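Everything below concerns the one structure shown next.
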Amino acid sequence: MIINYYIGSLYYSSKHWEYGNLFANGCKISPVSIGPVFAPSAEKETRNWLPLVLATAIVLLVAVGAILGLEHGNARGKASVTPISAPLDPYAGNLSLTRLAMSESGNLAGGKVTYLDGHIVNRGGRTVTAITVQVLFRDFAHEVAQNDTQPLKLILMREPYIDVGPVSASPIHPGGEQDFRLIFDWVTPHWDRAYPEIRILRVETK
C-alpha cells in the first residue's frame, strides 16, 4: 500500500515537472480552428440603370413630338383662317341662301356635331359646280368667336338617311335650287346661339 502511494507520487511529480518545463521554455498552445470565417463582401451590388434611362428618353421624345405636332397643327390652322374682310366671289350675288335651320347630334366618339341646313337658289345665268363659304359664329358682344371656311355640300338624299355630297355631284343650273348642309365637329361655347353669317367666297361655274 505504501509502495503504490510512493509510485503515484513519483508519477505526479514527473508530470508536473514536464508541464512546468514546457511553460518555462516559452511553449505556447495554438488555438484550435473552428472552421473558415466568411467576411461580408465589400463590393456593392451595382444596379442596371440602362432600361430606366431608355424608357425616360422614349417618353421625352414622344412628349416633344406631340408638342411639336400640336404647335404645327395650330400654326397651320391659324394660317388657313380666312380673314373676315375677304372679298366675296363676283357670282355670289346670284346665289340666294334661305331657310336656315340648325340641329345637333352625337357622334361615335362621344362628341357633338352641329348641322346648319339651308336652301340655295341660282338666280344667275351659269351652272354652279362648286361653292366655298365662310361661316362666322359671333359671341354676345357680336364679335367673331369662330371663323370656319369649308365647301358647301348639297343634300343628295333624305331617306332612309341624309346623304350629302359636293355641288359637283348635282350642279345647280340657272334657276335651279337645292338644299344644302354645313357640318361642324366643334362650335365655340362663346357662340351667342344666333344663326351664323354665311359668306360665299368662291364659286366655280361652267
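How things are named: the first chain in the C-alpha cells is A, the next is B, and so on; residues count from 1 in each chain; ligands count from 1 in the order shown.
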Please provide as a compact mmCIF listing (two decimals) with N, CA and C atoms, in the first residue's frame all residues within 10 Å of segment 131-147 of chain A, with the sequence filter that same-chain residues fewer than 6 positions apart are discarded (counting only C-alpha atoms).
# COMPACT_ATOMS: atom_id res chain seq x y z
N VAL A 81 -56.98 80.27 -91.74
CA VAL A 81 -58.18 81.02 -91.41
C VAL A 81 -58.34 82.18 -92.39
N THR A 82 -59.51 82.27 -93.01
CA THR A 82 -59.78 83.34 -93.97
C THR A 82 -60.18 84.60 -93.23
N PRO A 83 -59.57 85.73 -93.54
CA PRO A 83 -59.96 86.98 -92.87
C PRO A 83 -61.44 87.28 -93.10
N ILE A 84 -62.06 87.89 -92.12
CA ILE A 84 -63.48 88.22 -92.26
C ILE A 84 -63.69 89.33 -93.28
N ALA A 86 -62.29 89.20 -96.22
CA ALA A 86 -62.02 88.64 -97.55
C ALA A 86 -63.16 88.98 -98.51
N LEU A 88 -66.02 88.79 -101.41
CA LEU A 88 -66.92 87.75 -101.88
C LEU A 88 -66.66 87.48 -103.36
N ASP A 89 -67.07 86.28 -103.79
CA ASP A 89 -66.94 85.94 -105.20
C ASP A 89 -67.89 86.82 -106.03
N ALA A 92 -71.38 85.62 -106.26
CA ALA A 92 -72.10 85.38 -105.01
C ALA A 92 -73.44 86.10 -104.98
N LEU A 116 -75.84 72.90 -90.01
CA LEU A 116 -76.50 74.11 -90.48
C LEU A 116 -77.07 73.81 -91.86
N LYS A 153 -71.93 71.72 -99.13
CA LYS A 153 -72.36 70.40 -99.59
C LYS A 153 -73.87 70.37 -99.75
N PRO A 166 -70.62 66.92 -102.67
CA PRO A 166 -70.21 68.22 -103.22
C PRO A 166 -71.19 68.73 -104.27
N VAL A 167 -71.12 70.02 -104.54
CA VAL A 167 -72.01 70.62 -105.53
C VAL A 167 -71.79 69.99 -106.90
N SER A 168 -70.59 69.55 -107.16
CA SER A 168 -70.29 68.93 -108.46
C SER A 168 -71.08 67.64 -108.67
N LEU A 182 -74.14 72.26 -93.94
CA LEU A 182 -72.78 72.50 -93.46
C LEU A 182 -72.62 71.77 -92.14
N TRP A 186 -67.10 70.94 -84.18
CA TRP A 186 -66.92 71.70 -82.93
C TRP A 186 -67.42 73.12 -83.14
N VAL A 187 -68.13 73.64 -82.15
CA VAL A 187 -68.59 75.03 -82.17
C VAL A 187 -68.20 75.66 -80.84
N THR A 188 -67.66 76.86 -80.91
CA THR A 188 -67.20 77.54 -79.71
C THR A 188 -68.32 77.71 -78.68
N PRO A 189 -68.01 77.51 -77.40
CA PRO A 189 -69.04 77.72 -76.35
C PRO A 189 -69.42 79.18 -76.18
N HIS A 190 -68.66 80.10 -76.80
CA HIS A 190 -68.96 81.54 -76.70
C HIS A 190 -69.97 81.98 -77.76
N TRP A 191 -70.43 81.08 -78.57
CA TRP A 191 -71.41 81.39 -79.61
C TRP A 191 -72.69 81.91 -78.96
N ASP A 192 -73.29 82.94 -79.56
CA ASP A 192 -74.50 83.56 -78.99
C ASP A 192 -75.79 82.84 -79.36
N ARG A 193 -75.71 81.72 -80.05
CA ARG A 193 -76.84 80.89 -80.44
C ARG A 193 -77.70 81.49 -81.55
N ALA A 194 -77.25 82.58 -82.13
CA ALA A 194 -77.94 83.12 -83.30
C ALA A 194 -77.40 82.42 -84.55
N TYR A 195 -78.14 82.52 -85.66
CA TYR A 195 -77.65 81.90 -86.88
C TYR A 195 -76.35 82.57 -87.31
N PRO A 196 -75.34 81.76 -87.66
CA PRO A 196 -74.08 82.35 -88.09
C PRO A 196 -74.21 83.01 -89.47
N GLU A 197 -73.28 83.87 -89.75
CA GLU A 197 -73.24 84.55 -91.04
C GLU A 197 -72.53 83.66 -92.07
N ILE A 198 -73.14 83.52 -93.24
CA ILE A 198 -72.56 82.70 -94.32
C ILE A 198 -72.13 83.63 -95.45
N ARG A 199 -70.85 83.60 -95.78
CA ARG A 199 -70.29 84.43 -96.85
C ARG A 199 -69.77 83.52 -97.97
N ILE A 200 -70.18 83.79 -99.19
CA ILE A 200 -69.76 82.97 -100.33
C ILE A 200 -68.46 83.55 -100.88
N LEU A 201 -67.37 82.82 -100.67
CA LEU A 201 -66.05 83.33 -101.04
C LEU A 201 -65.63 82.92 -102.46
N ARG A 202 -65.97 81.68 -102.84
CA ARG A 202 -65.55 81.20 -104.16
C ARG A 202 -66.68 80.40 -104.80
N VAL A 203 -66.84 80.63 -106.07
CA VAL A 203 -67.87 79.91 -106.85
C VAL A 203 -67.23 79.45 -108.15
N GLU A 204 -67.42 78.18 -108.46
CA GLU A 204 -66.95 77.64 -109.73
C GLU A 204 -68.18 77.40 -110.62
N THR A 205 -68.09 77.87 -111.84
CA THR A 205 -69.22 77.74 -112.74
C THR A 205 -68.74 77.21 -114.10
Check: Just how far from atom CA of Arg181 of chain A is atom CA of Val113 of chain A, in Å to one decimal?
Finding: 12.3 Å
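Proximity to Leu152 of chain A was assessed for A:Leu52, A:Leu95, A:Ala130, A:Leu100 counting only C-alpha atoms; the smallest distance is recorded for A:Ala130.
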Checklist line | Atomic distance atom CA of His119 of chain A - atom CA of Glu159 of chain A, expressed in Å with one decimal | finding: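 Atom CA of Glu159 of chain A lies 17.9 Å from atom CA of His119 of chain A.
In this structure, atom CA of Phe180 of chain A sits 10.1 Å away from atom CA of Arg99 of chain A.
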Item checked: Counting only C-alpha atoms, the option among A:Val121, A:Thr98, A:Leu54, A:Arg126 closest to Gln178 of chain A -> A:Val121
Item checked: Distance criterion (only C-alpha atoms): nearest to Ile155 of chain A out of A:Gly111, A:Pro171, A:Pro90, A:Gly106 ->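 Result for the nearest residue to Ile155 of chain A: A:Pro171.
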